[in-house]
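Encoded as structure tokens, the structure appears first; notes follow it.
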There are 2 protein chains.
Amino acid sequence: MLADKTYSPSRACSLAAVPGWDLETDVVVVGFGAAGACAAIEACQAGVEVVVLEVAGVGGGSASLSGGEVYVGGNGGTDVQREHGFEDATEDFRKYLMLAGGPAADAERVTIYADNGVAHFNWLREQGVPFKGTYLPGKWIEPPTDDTLLWSGNEKSWPYLEQARPAPRGHTVQFVGWGGGQVLMETLCARAEELGAQVRYDSRALALVVDERQRVVGVVTREAGTPRFVRARRGVVLCAGGFISNTAMVQRFAPAALECELQVSAGNDDGAGIRMGMSVGAATLNMQEFFATLPFFPPASLVKGIFINERGQRFVNEDCYHGRVAHHVLRQPNGRAWLLVDNEIFGRPVIQEDIQVAAVGESWEEVEQELGLPAGALVHTVEEFNRLAAQGHDPYFHKTAEWLRPLTEPPFAALSYCKGDFQGHAFTLGGLATRPGGEVLDADAQPIAGLYAAGRTACGLPRWGEGYSSGLSLGDSTFFGRLAGRSAAAGD
Amino acid sequence: MLADKTYSPSRACSLAAVPGWDLETDVVVVGFGAAGACAAIEACQAGVEVVVLEVAGVGGGSASLSGGEVYVGGNGGTDVQREHGFEDATEDFRKYLMLAGGPAADAERVTIYADNGVAHFNWLREQGVPFKGTYLPGKWIEPPTDDTLLWSGNEKSWPYLEQARPAPRGHTVQFVGWGGGQVLMETLCARAEELGAQVRYDSRALALVVDERQRVVGVVTREAGTPRFVRARRGVVLCAGGFISNTAMVQRFAPAALECELQVSAGNDDGAGIRMGMSVGAATLNMQEFFATLPFFPPASLVKGIFINERGQRFVNEDCYHGRVAHHVLRQPNGRAWLLVDNEIFGRPVIQEDIQVAAVGESWEEVEQELGLPAGALVHTVEEFNRLAAQGHDPYFHKTAEWLRPLTEPPFAALSYCKGDFQGHAFTLGGLATRPGGEVLDADAQPIAGLYAAGRTACGLPRWGEGYSSGLSLGDSTFFGRLAGRSAAAGD
């Protein structure tokens, strides 16, 4: 037997070098998170043998640490949306998702998701995932209650609201406060095992095995310190998460994400799935993209503040999704930006209470001086904002009337969102190029035989930091995980 | 013999599938442009057999259509820099190149280039490349004369000038007007053939050949309609250019580049080299990045204008490198931006004479209204600019005093640089991950045996559109092409 270090996710292992199969099955799923569990469920239901290789000692992956929110809608709306008076046409959902995908949005993937969002939500409930069915109004980063439906993206903000009729689409698993992801994953993992998936925990996939025609035919995995060779008669599905836990990969592929010190991950998003795909000629897409947030609210009153940069310029409509605000903040010149507030709306951000107050003054002139900005720059911006906000308008950035209020009640303050002063949260959005069905694609967009991927190992629906909405990653992972599981089961 | 369509740059061909070698050599170089010619020269000089596969009927690649400018400096300066009074410390050159590389700058590559820039310039002359040795002051996109030295980047503009002492580093091959690239490439190609490189023209590399250990051992190429199998005993060097000619690849990997309709290419930048690397597990870096320019000057007087977006905001110091300005223009909201000029500085841009004049007025209020901007937005920006420019300052964008002049002489005009109204020029900057020596790297940054790359097939020194400077691509391709040729010759 070859030594463990012989294998690397970034190097395919030739079939000729396999000493013998330790285990044979139809479909091997690498990773038992949201995508992997759903792939396993569907593959089992297609009647084939499924082995899941999970590096951790328990299932759930990073999804189990999430809030358990799933972004779905369309077809007139889920029953929850309709019950609370929200119609959601498929076309509006589709347009929203196209905008959310940014310059490299995948129309085919978006269309299939928009068409099937309602059915997918129903499928999750059929698996036993609980949703209370209630609606929580307001602007939240995560719901503090066990309610289901909330506004979780850019729906009601410019430019989205001009192109797609808004509807709340965040559907959150029933759980009081943070923890819905745990419930979601316990349910889906239990369901996969109940259907017959053989889950091997503490099993670290080391490399893909390819035959002489470069077809993927199995996986080398390490169990109890020993390499084991697992044959996949029909296909291998890579559902091993993104790469935010792998600092060397982040440095090479998404260096801007290093500004965010908090990784949204259960710790195993080491890019092994992406690297295994690359090892057999897969193309990667949008590797530079990442979800980021600087949770500058709640309290929601802070959304009525305005962000400025070191030129005293505003740069974003502050009422859009917090992750979109974050990306605009991160790219300001010299990494310097501040949230300007007045006494009425001021409050400590709940998630980062110790945010630095960079300047306080009885007048905006004082704040401007304290920040050391060009004379008149900040003052002009605030005056212009105040003048127009008093009329309920923001012709520059299109912040909606609900969040427009002149900042006129002293004292005034600037909260620092300069580099080093905030704690950003991030996870990666780039990954393997795939068809919606999960088939992993090479540099010419042709499928690589025997290989499938879903979840953050793939470049999925959420692929542009500026367009992220809460629930997109879980929605994508569970839905496209299902399709990948079906495709692999049908593979031969 | 297998049919031609069996082969694809995105699929490696197994050694087992090779019916027999049609040709055997030590080093195979794919592509006879700037990188390939230099790789061939060095490999020949290392005493090994070299075969070059060139898809076109002549050598030179896209470099032969360039202006023939090479970005070099450091070590106190080239003799041309020194002769004209410009000192250029290696550390300043290094810092400049690091800034130019952007968030994913490669310190190792930058350091080796900064250390060896002067020696490389001398080497080019030793190969017979003519440089007149004269200095051309002023701000040019390309020199209209046969002079050598010019300012060709962001050296004298913010933020570069604050971090690295400026020096002109564009060294242009002697040729009156546009055409130095042709001279450069005729010289380098002739030199490679004279040293013994066997160049096979009209030879289209179809796929890499890998042995059972996934080592690259040869290339399948198509000649006269027939696949030919070329063994590379020591290594294959991919110097096949970027991918701007391959619209499907641009759409997938660098969709923002589609805004620029003019491809800077001789037509064969189809990404075949990059795809061949990916087929054997190579990582790609910065695939979304591209050089872009909207040549809004000469006349240089236009640099004294100011760009604004639909919010009436300025967004860049207009005196920085035109490609940096272009990237800022391209990313403005709704793709809308205008260059504001007054009567004194107005002139038709030489390279795009038919630029649309979107608004003209006797006052800035008129121009603002004609553009349909929020009332007062443009007027305030111009007034503030004028007030400070009259004092020789631009505290907002740090445009240097040389280009600051109040825009006060009516009539006033706005030249449209809105999406659809300009003709952008682009080529891609993303490519294979390599060591400075040319070794192609996998997803874990480990070298792939037998494979090397340089020029735009690799992600090189120029890897960030905002940081590009004229001459960086030729400098990078010729220098790192040499290193890759040496590495391959030493391979075994």
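Just so we're on the same page: first chain in the structure tokens is A, next is B, and so on; residues restart at 1 for each chain, and ligands are numbered from 1 in the order they show up.
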Contacts of stretch 452-454 of chain B at 6 Å or less, counting only C-alpha atoms, minus same-chain residues fewer than 4 places along, as a PDB file with all heavy atoms, in the first residue's frame?
ATOM      1  N   ALA B  35       6.717  35.058 -25.977  1.00  0.00           N
ATOM      2  CA  ALA B  35       7.171  34.095 -24.967  1.00  0.00           C
ATOM      3  C   ALA B  35       7.793  32.879 -25.629  1.00  0.00           C
ATOM      4  O   ALA B  35       8.864  32.407 -25.218  1.00  0.00           O
ATOM      5  CB  ALA B  35       5.998  33.679 -24.080  1.00  0.00           C
ATOM      6  N   VAL B 237       6.459  23.611 -23.293  1.00  0.00           N
ATOM      7  CA  VAL B 237       6.293  24.998 -22.841  1.00  0.00           C
ATOM      8  C   VAL B 237       5.100  25.605 -23.578  1.00  0.00           C
ATOM      9  O   VAL B 237       5.135  25.756 -24.800  1.00  0.00           O
ATOM     10  CB  VAL B 237       7.556  25.846 -23.114  1.00  0.00           C
ATOM     11  CG1 VAL B 237       7.437  27.190 -22.390  1.00  0.00           C
ATOM     12  CG2 VAL B 237       8.818  25.118 -22.670  1.00  0.00           C
ATOM     13  N   LEU B 238       4.056  25.935 -22.827  1.00  0.00           N
ATOM     14  CA  LEU B 238       2.855  26.514 -23.428  1.00  0.00           C
ATOM     15  C   LEU B 238       3.004  28.029 -23.508  1.00  0.00           C
ATOM     16  O   LEU B 238       3.083  28.713 -22.491  1.00  0.00           O
ATOM     17  CB  LEU B 238       1.623  26.152 -22.594  1.00  0.00           C
ATOM     18  CG  LEU B 238       1.325  24.658 -22.465  1.00  0.00           C
ATOM     19  CD1 LEU B 238       0.216  24.427 -21.429  1.00  0.00           C
ATOM     20  CD2 LEU B 238       0.935  24.063 -23.806  1.00  0.00           C
ATOM     21  N   CYS B 239       3.085  28.536 -24.735  1.00  0.00           N
ATOM     22  CA  CYS B 239       3.228  29.977 -24.977  1.00  0.00           C
ATOM     23  C   CYS B 239       2.232  30.355 -26.060  1.00  0.00           C
ATOM     24  O   CYS B 239       2.588  30.956 -27.067  1.00  0.00           O
ATOM     25  CB  CYS B 239       4.647  30.308 -25.427  1.00  0.00           C
ATOM     26  SG  CYS B 239       5.925  29.844 -24.258  1.00  0.00           S
ATOM     27  N   GLY B 438       8.465  29.194 -14.697  1.00  0.00           N
ATOM     28  CA  GLY B 438       7.582  28.678 -15.734  1.00  0.00           C
ATOM     29  C   GLY B 438       6.889  27.370 -15.406  1.00  0.00           C
ATOM     30  O   GLY B 438       5.993  26.940 -16.130  1.00  0.00           O
ATOM     31  N   GLU B 439       7.308  26.710 -14.321  1.00  0.00           N
ATOM     32  CA  GLU B 439       6.685  25.443 -13.950  1.00  0.00           C
ATOM     33  C   GLU B 439       5.195  25.675 -13.703  1.00  0.00           C
ATOM     34  O   GLU B 439       4.823  26.505 -12.870  1.00  0.00           O
ATOM     35  CB  GLU B 439       7.319  24.889 -12.665  1.00  0.00           C
ATOM     36  CG  GLU B 439       8.805  24.572 -12.781  1.00  0.00           C
ATOM     37  CD  GLU B 439       9.722  25.767 -12.515  1.00  0.00           C
ATOM     38  OE1 GLU B 439       9.230  26.913 -12.384  1.00  0.00           O
ATOM     39  OE2 GLU B 439      10.947  25.536 -12.454  1.00  0.00           O
ATOM     40  N   VAL B 440       4.364  24.917 -14.394  1.00  0.00           N
ATOM     41  CA  VAL B 440       2.916  25.067 -14.238  1.00  0.00           C
ATOM     42  C   VAL B 440       2.490  24.369 -12.949  1.00  0.00           C
ATOM     43  O   VAL B 440       2.944  23.276 -12.629  1.00  0.00           O
ATOM     44  CB  VAL B 440       2.172  24.483 -15.455  1.00  0.00           C
ATOM     45  CG1 VAL B 440       0.665  24.494 -15.218  1.00  0.00           C
ATOM     46  CG2 VAL B 440       2.518  25.299 -16.699  1.00  0.00           C
ATOM     47  N   ALA B 458       0.098  32.159 -19.213  1.00  0.00           N
ATOM     48  CA  ALA B 458       0.293  32.147 -17.764  1.00  0.00           C
ATOM     49  C   ALA B 458      -0.319  33.411 -17.166  1.00  0.00           C
ATOM     50  O   ALA B 458      -0.530  34.405 -17.845  1.00  0.00           O
ATOM     51  CB  ALA B 458       1.777  32.091 -17.439  1.00  0.00           C
ATOM     52  N   PHE B 480       9.920  36.026 -18.920  1.00  0.00           N
ATOM     53  CA  PHE B 480       9.523  34.741 -18.321  1.00  0.00           C
ATOM     54  C   PHE B 480       9.457  33.629 -19.368  1.00  0.00           C
ATOM     55  O   PHE B 480       9.554  32.445 -19.028  1.00  0.00           O
ATOM     56  CB  PHE B 480       8.233  34.900 -17.519  1.00  0.00           C
ATOM     57  CG  PHE B 480       8.444  35.733 -16.279  1.00  0.00           C
ATOM     58  CD1 PHE B 480       8.068  37.069 -16.240  1.00  0.00           C
ATOM     59  CD2 PHE B 480       9.085  35.196 -15.172  1.00  0.00           C
ATOM     60  CE1 PHE B 480       8.294  37.855 -15.104  1.00  0.00           C
ATOM     61  CE2 PHE B 480       9.327  35.966 -14.037  1.00  0.00           C
ATOM     62  CZ  PHE B 480       8.928  37.299 -13.999  1.00  0.00           C
ATOM     63  N   GLY B 481       9.323  34.003 -20.648  1.00  0.00           N
ATOM     64  CA  GLY B 481       9.482  33.010 -21.712  1.00  0.00           C
ATOM     65  C   GLY B 481      10.893  32.429 -21.672  1.00  0.00           C
ATOM     66  O   GLY B 481      11.091  31.218 -21.758  1.00  0.00           O
TER      67      GLY B 481
END
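Summary of the local environment: counting only C-alpha atoms, residues at most 9 Å from A:Val28, other than itself and those fewer than 4 positions away along its chain, are Ala40, Glu49, Val50, Val51, Val52, Leu53, Gly218, Val219, Val230, Arg231, Ala232, Arg233, Arg234, Gly235, Val236, Val237, Leu238 and Ala488 of chain A.
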Export C-alpha atoms of the chosen residues as a PDB file, in the first residue's frame?
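Final output, saved to part_30.pdb:
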ATOM      1  CA  ALA A  40     -27.507  10.972  -1.392  1.00  0.00           C
ATOM      2  CA  GLU A  49     -26.062   2.025  -3.917  1.00  0.00           C
ATOM      3  CA  VAL A  50     -24.627   5.149  -2.310  1.00  0.00           C
ATOM      4  CA  VAL A  51     -21.556   5.653  -0.169  1.00  0.00           C
ATOM      5  CA  VAL A  52     -20.950   9.047   1.449  1.00  0.00           C
ATOM      6  CA  LEU A  53     -17.450   9.994   2.562  1.00  0.00           C
ATOM      7  CA  GLY A 218     -13.530   6.140  -7.827  1.00  0.00           C
ATOM      8  CA  VAL A 219     -12.042   7.936  -4.863  1.00  0.00           C
ATOM      9  CA  VAL A 230     -13.651   3.187  -3.232  1.00  0.00           C
ATOM     10  CA  ARG A 231     -14.981   2.327  -6.649  1.00  0.00           C
ATOM     11  CA  ALA A 232     -17.870   4.367  -8.039  1.00  0.00           C
ATOM     12  CA  ARG A 233     -19.544   2.405 -10.800  1.00  0.00           C
ATOM     13  CA  ARG A 234     -21.778   5.273 -11.868  1.00  0.00           C
ATOM     14  CA  GLY A 235     -20.267   8.476 -10.599  1.00  0.00           C
ATOM     15  CA  VAL A 236     -18.617  10.579  -7.936  1.00  0.00           C
ATOM     16  CA  VAL A 237     -20.460  13.640  -6.611  1.00  0.00           C
ATOM     17  CA  LEU A 238     -18.228  16.301  -5.080  1.00  0.00           C
ATOM     18  CA  ALA A 488     -24.849  10.405 -10.916  1.00  0.00           C
TER      19      ALA A 488
END
Item to check | Exercise: A:Gln127 partners within 8 Å, only C-alpha atoms, chain neighbours under 4 positions left out, as number ranges by chain | outcome: A: 123, 187-188, 191
Output all heavy atoms of each residue in that selection to a file, as a PDB file, in the first residue's frame.
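Final output, part23.pdb:
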ATOM      1  N   TRP A 123     -40.652  19.793  -1.293  1.00  0.00           N
ATOM      2  CA  TRP A 123     -39.836  18.579  -1.136  1.00  0.00           C
ATOM      3  C   TRP A 123     -39.091  18.602   0.202  1.00  0.00           C
ATOM      4  O   TRP A 123     -39.037  17.590   0.901  1.00  0.00           O
ATOM      5  CB  TRP A 123     -38.837  18.490  -2.300  1.00  0.00           C
ATOM      6  CG  TRP A 123     -37.946  17.279  -2.260  1.00  0.00           C
ATOM      7  CD1 TRP A 123     -38.204  16.047  -2.786  1.00  0.00           C
ATOM      8  CD2 TRP A 123     -36.640  17.189  -1.661  1.00  0.00           C
ATOM      9  NE1 TRP A 123     -37.149  15.188  -2.557  1.00  0.00           N
ATOM     10  CE2 TRP A 123     -36.176  15.864  -1.869  1.00  0.00           C
ATOM     11  CE3 TRP A 123     -35.818  18.081  -0.971  1.00  0.00           C
ATOM     12  CZ2 TRP A 123     -34.920  15.428  -1.414  1.00  0.00           C
ATOM     13  CZ3 TRP A 123     -34.577  17.642  -0.519  1.00  0.00           C
ATOM     14  CH2 TRP A 123     -34.134  16.328  -0.733  1.00  0.00           C
ATOM     15  N   THR A 187     -32.207  16.631   9.895  1.00  0.00           N
ATOM     16  CA  THR A 187     -33.322  16.010   9.183  1.00  0.00           C
ATOM     17  C   THR A 187     -32.867  15.387   7.862  1.00  0.00           C
ATOM     18  O   THR A 187     -33.174  14.227   7.563  1.00  0.00           O
ATOM     19  CB  THR A 187     -34.415  17.076   8.910  1.00  0.00           C
ATOM     20  OG1 THR A 187     -34.731  17.731  10.137  1.00  0.00           O
ATOM     21  CG2 THR A 187     -35.659  16.441   8.313  1.00  0.00           C
ATOM     22  N   LEU A 188     -32.122  16.150   7.075  1.00  0.00           N
ATOM     23  CA  LEU A 188     -31.707  15.651   5.763  1.00  0.00           C
ATOM     24  C   LEU A 188     -30.715  14.493   5.880  1.00  0.00           C
ATOM     25  O   LEU A 188     -30.785  13.522   5.120  1.00  0.00           O
ATOM     26  CB  LEU A 188     -31.108  16.786   4.921  1.00  0.00           C
ATOM     27  CG  LEU A 188     -32.084  17.890   4.501  1.00  0.00           C
ATOM     28  CD1 LEU A 188     -31.335  19.031   3.802  1.00  0.00           C
ATOM     29  CD2 LEU A 188     -33.194  17.348   3.594  1.00  0.00           C
ATOM     30  N   ARG A 191     -32.542  11.398   6.911  1.00  0.00           N
ATOM     31  CA  ARG A 191     -33.315  10.916   5.774  1.00  0.00           C
ATOM     32  C   ARG A 191     -32.437  10.130   4.800  1.00  0.00           C
ATOM     33  O   ARG A 191     -32.819   9.053   4.324  1.00  0.00           O
ATOM     34  CB  ARG A 191     -33.944  12.134   5.075  1.00  0.00           C
ATOM     35  CG  ARG A 191     -34.774  11.820   3.874  1.00  0.00           C
ATOM     36  CD  ARG A 191     -36.153  11.306   4.257  1.00  0.00           C
ATOM     37  NE  ARG A 191     -36.937  11.068   3.061  1.00  0.00           N
ATOM     38  CZ  ARG A 191     -37.636   9.961   2.820  1.00  0.00           C
ATOM     39  NH1 ARG A 191     -37.677   8.984   3.716  1.00  0.00           N
ATOM     40  NH2 ARG A 191     -38.318   9.819   1.701  1.00  0.00           N
TER      41      ARG A 191
END
Item to check | B:Gln391 environment, 12 Å, only C-alpha atoms, sequence neighbours closer than 2 positions dropped, as a ChimeraX atom specification | outcome: /B:384-389,393-395,400-401,404-406
Next on the checklist: Quick one: residues within 9 Å of B:Gly59, only C-alpha atoms, excluding same-chain residues fewer than 4 positions away - as a ChimeraX atom specification?
Outcome noted: /B:31-33,37,54-55,64,185-186,189,199,201
Next on the checklist: Which of stretch 344-483 of chain B end up as alpha helix (DSSP H) when DSSP is run on this backbone - answer as a ChimeraX atom specification?
Outcome noted: /B:364-371,377-389,472-483
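Minimum atom-to-atom distance to chain A, evaluated using only C-alpha atoms, belongs to B:Arg213 out of B:His322, B:Arg331, B:Arg213, B:Arg200.
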Please report, as JSON lines, each residue of chain A lying at most 9 Å from chain B, together with the nearest pair of atoms and the separation in Å rounded to one decimal; use only C-alpha atoms, and order rows by chain and ascending residue number.
{"residue": "A:Ser8", "atom": "CA", "partner": "B:Asp444", "partner_atom": "CA", "distance": 8.4}
{"residue": "A:Pro9", "atom": "CA", "partner": "B:Asp444", "partner_atom": "CA", "distance": 8.2}
{"residue": "A:Ser10", "atom": "CA", "partner": "B:Ala443", "partner_atom": "CA", "distance": 5.3}
{"residue": "A:Arg11", "atom": "CA", "partner": "B:Gly281", "partner_atom": "CA", "distance": 7.1}
{"residue": "A:Ala12", "atom": "CA", "partner": "B:Gln214", "partner_atom": "CA", "distance": 7.9}
{"residue": "A:Cys13", "atom": "CA", "partner": "B:Arg213", "partner_atom": "CA", "distance": 8.1}
{"residue": "A:Ser14", "atom": "CA", "partner": "B:Glu212", "partner_atom": "CA", "distance": 6.5}
{"residue": "A:Leu15", "atom": "CA", "partner": "B:Glu212", "partner_atom": "CA", "distance": 9.0}
{"residue": "A:Ala16", "atom": "CA", "partner": "B:Glu212", "partner_atom": "CA", "distance": 7.6}
{"residue": "A:Ala17", "atom": "CA", "partner": "B:Glu212", "partner_atom": "CA", "distance": 8.5}
{"residue": "A:Pro103", "atom": "CA", "partner": "B:Pro255", "partner_atom": "CA", "distance": 6.1}
{"residue": "A:Ala104", "atom": "CA", "partner": "B:Pro255", "partner_atom": "CA", "distance": 6.1}
{"residue": "A:Glu212", "atom": "CA", "partner": "B:Ser14", "partner_atom": "CA", "distance": 6.5}
{"residue": "A:Arg213", "atom": "CA", "partner": "B:Ser14", "partner_atom": "CA", "distance": 7.1}
{"residue": "A:Gln214", "atom": "CA", "partner": "B:Ala12", "partner_atom": "CA", "distance": 7.9}
{"residue": "A:Ala248", "atom": "CA", "partner": "B:Asp444", "partner_atom": "CA", "distance": 8.4}
{"residue": "A:Met249", "atom": "CA", "partner": "B:Asp444", "partner_atom": "CA", "distance": 7.8}
{"residue": "A:Gln251", "atom": "CA", "partner": "B:Ala104", "partner_atom": "CA", "distance": 7.4}
{"residue": "A:Arg252", "atom": "CA", "partner": "B:Ala104", "partner_atom": "CA", "distance": 6.7}
{"residue": "A:Phe253", "atom": "CA", "partner": "B:Leu285", "partner_atom": "CA", "distance": 6.4}
{"residue": "A:Ala254", "atom": "CA", "partner": "B:Ala104", "partner_atom": "CA", "distance": 8.1}
{"residue": "A:Pro255", "atom": "CA", "partner": "B:Pro103", "partner_atom": "CA", "distance": 6.1}
{"residue": "A:Ala256", "atom": "CA", "partner": "B:Pro103", "partner_atom": "CA", "distance": 6.5}
{"residue": "A:Ile274", "atom": "CA", "partner": "B:Ala443", "partner_atom": "CA", "distance": 8.5}
{"residue": "A:Arg275", "atom": "CA", "partner": "B:Ala443", "partner_atom": "CA", "distance": 5.5}
{"residue": "A:Met276", "atom": "CA", "partner": "B:Ala443", "partner_atom": "CA", "distance": 8.5}
{"residue": "A:Gly277", "atom": "CA", "partner": "B:Gly281", "partner_atom": "CA", "distance": 8.3}
{"residue": "A:Met278", "atom": "CA", "partner": "B:Gly281", "partner_atom": "CA", "distance": 5.2}
{"residue": "A:Ser279", "atom": "CA", "partner": "B:Gly281", "partner_atom": "CA", "distance": 4.0}
{"residue": "A:Val280", "atom": "CA", "partner": "B:Gly281", "partner_atom": "CA", "distance": 5.7}
{"residue": "A:Gly281", "atom": "CA", "partner": "B:Ser279", "partner_atom": "CA", "distance": 4.0}
{"residue": "A:Ala282", "atom": "CA", "partner": "B:Met278", "partner_atom": "CA", "distance": 7.0}
{"residue": "A:Ala283", "atom": "CA", "partner": "B:Met278", "partner_atom": "CA", "distance": 7.0}
{"residue": "A:Thr284", "atom": "CA", "partner": "B:Thr284", "partner_atom": "CA", "distance": 8.1}
{"residue": "A:Leu285", "atom": "CA", "partner": "B:Phe253", "partner_atom": "CA", "distance": 6.4}
{"residue": "A:Asn286", "atom": "CA", "partner": "B:Phe253", "partner_atom": "CA", "distance": 7.2}
{"residue": "A:Met287", "atom": "CA", "partner": "B:Asn286", "partner_atom": "CA", "distance": 8.1}
{"residue": "A:Gln288", "atom": "CA", "partner": "B:Asn286", "partner_atom": "CA", "distance": 7.4}
{"residue": "A:Glu310", "atom": "CA", "partner": "B:Tyr396", "partner_atom": "CA", "distance": 8.0}
{"residue": "A:Arg311", "atom": "CA", "partner": "B:Tyr396", "partner_atom": "CA", "distance": 5.2}
{"residue": "A:Gly312", "atom": "CA", "partner": "B:Tyr396", "partner_atom": "CA", "distance": 8.4}
{"residue": "A:Gln313", "atom": "CA", "partner": "B:Gln313", "partner_atom": "CA", "distance": 7.9}
{"residue": "A:Leu373", "atom": "CA", "partner": "B:Pro395", "partner_atom": "CA", "distance": 8.8}
{"residue": "A:Pro374", "atom": "CA", "partner": "B:Pro395", "partner_atom": "CA", "distance": 6.2}
{"residue": "A:Ala377", "atom": "CA", "partner": "B:Tyr396", "partner_atom": "CA", "distance": 8.6}
{"residue": "A:Pro395", "atom": "CA", "partner": "B:Pro374", "partner_atom": "CA", "distance": 6.2}
{"residue": "A:Tyr396", "atom": "CA", "partner": "B:Arg311", "partner_atom": "CA", "distance": 5.3}
{"residue": "A:Phe397", "atom": "CA", "partner": "B:Arg311", "partner_atom": "CA", "distance": 7.8}
{"residue": "A:Asp442", "atom": "CA", "partner": "B:Ser10", "partner_atom": "CA", "distance": 6.2}
{"residue": "A:Ala443", "atom": "CA", "partner": "B:Ser10", "partner_atom": "CA", "distance": 5.3}
{"residue": "A:Asp444", "atom": "CA", "partner": "B:Ser10", "partner_atom": "CA", "distance": 6.0}
{"residue": "A:Ala445", "atom": "CA", "partner": "B:Ser10", "partner_atom": "CA", "distance": 8.9}
{"residue": "A:Gln446", "atom": "CA", "partner": "B:Ser10", "partner_atom": "CA", "distance": 8.6}
Item to check | Test item: residues at most 7 Å from B:Gly241, only C-alpha atoms, excluding those fewer than 2 positions along its chain, as a list in words | outcome: Cys239, Phe243, Asp269, Gly271, Gly273, Gly455, Arg456 and Thr457 of chain B
